[in-house]
Amino acid sequence: MEYFKVDIKIVCGRGLAAKDALGRSDPYVQVMREGNQLYKTAVKTNTLNPDWNEQFVVHLRKKEAELTFKVFDYDISSPDDFMGEASFSVSDIKLYESNEFHLELSSDHGYIVVRAFIEMESREEQLKEKFIHKIRDKKEASKEQHNLIGIVRIMLVQAKGILPNESADKKWFCTVTLGKEERKSMIVRATPNPSC
């Protein structure tokens, strides 16, 4: 079986449809394959001629896959407006050559420019890349879960070798800090080796 690595760069859009009241749009592109989103560009505000210059990689088992580029106008208070779409088959990309496509949108309003480079890769390289992407995705997910709540139990048993203090009636305690939280232990009488 053959394996392929496809580098895709979404370069720009030109002459896109005006969807906002002021005759502009806030376009972005979704890249789809068999109903799954592979990539989504940033939103470019107030323009009909956006420059994205965003690049991503797709790993494929067959060269016959079709990629669909859907263009939307981002809206804050309502669903995003569909601006058109275009597709091409990965089989149209020449191996080991930089290919540029001017994809006319289905709405007949403008086009997007996409560059693609395809190369064959071994099964081992493809598995390695997928593993790296999974780790990256888990790191991103863990960043989003930074507000999780957990329980930490700390038991203070004994302190040793504390220097004697001049005042015999001084009392000792320990401060434990974890992140921004700080707690004090119970207070014990001053001795060189207090037990908590």
# chains A, B, ... in the order shown; residues from 1 in each chain; ligands from 1
call {"tool": "residues_around", "arguments": {"residues": "Gly13 of chain A", "least_positions_apart": "4", "cutoff": "6 Å", "atoms": "only C-alpha atoms", "output": "mmCIF file with N, CA and C atoms, in the first residue's frame"}}
result
data_model
loop_
_atom_site.group_PDB
_atom_site.id
_atom_site.type_symbol
_atom_site.label_atom_id
_atom_site.label_comp_id
_atom_site.auth_asym_id
_atom_site.auth_seq_id
_atom_site.Cartn_x
_atom_site.Cartn_y
_atom_site.Cartn_z
ATOM 1 N N ASN A 49 -10.827 40.238 -0.058
ATOM 2 C CA ASN A 49 -9.580 39.728 -0.644
ATOM 3 C C ASN A 49 -8.618 39.314 0.471
ATOM 4 N N PRO A 50 -8.990 38.290 1.238
ATOM 5 C CA PRO A 50 -8.173 37.902 2.400
ATOM 6 C C PRO A 50 -6.858 37.222 2.017
ATOM 7 N N TYR A 111 -12.616 33.381 -5.872
ATOM 8 C CA TYR A 111 -11.854 32.136 -5.863
ATOM 9 C C TYR A 111 -10.854 32.180 -4.708
ATOM 10 N N ILE A 112 -10.309 30.990 -4.380
ATOM 11 C CA ILE A 112 -9.225 30.911 -3.400
ATOM 12 C C ILE A 112 -8.012 30.292 -4.073
#
call {"tool": "residues_around", "arguments": {"residues": "Glu104 of chain A", "least_positions_apart": "2", "cutoff": "9 Å", "atoms": "only C-alpha atoms", "output": "VMD selection string"}}
result
chain A and resid 84 to 86 102 106 to 113
call {"tool": "write_last_selection", "arguments": {"atoms": "C-alpha atoms", "output": "compact mmCIF listing (two decimals), in the first residue's frame"}}
result
# COMPACT_ATOMS: atom_id res chain seq x y z
CA GLY A 84 -19.13 28.98 -1.52
CA GLU A 85 -16.92 25.94 -1.85
CA ALA A 86 -14.47 24.28 -4.20
CA HIS A 102 -7.06 28.76 -8.36
CA SER A 106 -19.51 27.42 -6.23
CA SER A 107 -21.27 30.72 -5.47
CA ASP A 108 -19.62 32.30 -8.56
CA HIS A 109 -18.23 34.96 -6.26
CA GLY A 110 -14.46 34.80 -6.29
CA TYR A 111 -11.85 32.14 -5.86
CA ILE A 112 -9.22 30.91 -3.40
CA VAL A 113 -5.59 30.14 -4.13
call {"tool": "closest_residue", "arguments": {"among": "A:Tyr96, A:Tyr39, A:Phe117, A:Trp172", "to": "Phe69 of chain A", "atoms": "only C-alpha atoms"}}
result
A:Tyr39
call {"tool": "closest_residue", "arguments": {"among": "A:Glu181, A:Glu54, A:Asp20, A:Glu121", "to": "Ser78 of chain A", "atoms": "only C-alpha atoms"}}
result
A:Asp20
call {"tool": "residues_around", "arguments": {"residues": "Asp81 of chain A", "least_positions_apart": "4", "cutoff": "12 Å", "atoms": "only C-alpha atoms", "output": "list in words"}}
result
Ala17, Ala18, Lys19, Asp20, Ser25, Asp26, Pro27, Tyr28, Val29, Lys70, Val71, Phe72, Asp73, Tyr74, Asp75, Ile76, Ser77 and Ser107 of chain A
call {"tool": "write_last_selection", "arguments": {"atoms": "C-alpha atoms", "output": "mmCIF file, in the first residue's frame"}}
result
data_model
loop_
_atom_site.group_PDB
_atom_site.id
_atom_site.type_symbol
_atom_site.label_atom_id
_atom_site.label_comp_id
_atom_site.auth_asym_id
_atom_site.auth_seq_id
_atom_site.Cartn_x
_atom_site.Cartn_y
_atom_site.Cartn_z
ATOM 1 C CA ALA A 17 -18.968 37.708 -1.841
ATOM 2 C CA ALA A 18 -19.961 40.620 0.406
ATOM 3 C CA LYS A 19 -22.068 39.227 3.249
ATOM 4 C CA ASP A 20 -22.012 42.048 5.810
ATOM 5 C CA SER A 25 -17.068 39.961 4.864
ATOM 6 C CA ASP A 26 -15.055 38.234 7.591
ATOM 7 C CA PRO A 27 -14.004 35.124 5.672
ATOM 8 C CA TYR A 28 -12.392 31.899 6.837
ATOM 9 C CA VAL A 29 -11.862 28.500 5.181
ATOM 10 C CA LYS A 70 -15.619 25.713 2.248
ATOM 11 C CA VAL A 71 -15.568 29.488 2.696
ATOM 12 C CA PHE A 72 -17.705 31.148 5.375
ATOM 13 C CA ASP A 73 -18.337 34.672 6.601
ATOM 14 C CA TYR A 74 -17.899 34.787 10.390
ATOM 15 C CA ASP A 75 -20.785 36.365 12.320
ATOM 16 C CA ILE A 76 -20.831 37.044 16.055
ATOM 17 C CA SER A 77 -24.568 37.065 16.703
ATOM 18 C CA SER A 107 -21.268 30.721 -5.475
#
call {"tool": "closest_residue", "arguments": {"among": "A:Asp80, A:Asn46, A:Asn53, A:Ile118", "to": "Tyr3 of chain A", "atoms": "only C-alpha atoms"}}
result
A:Ile118
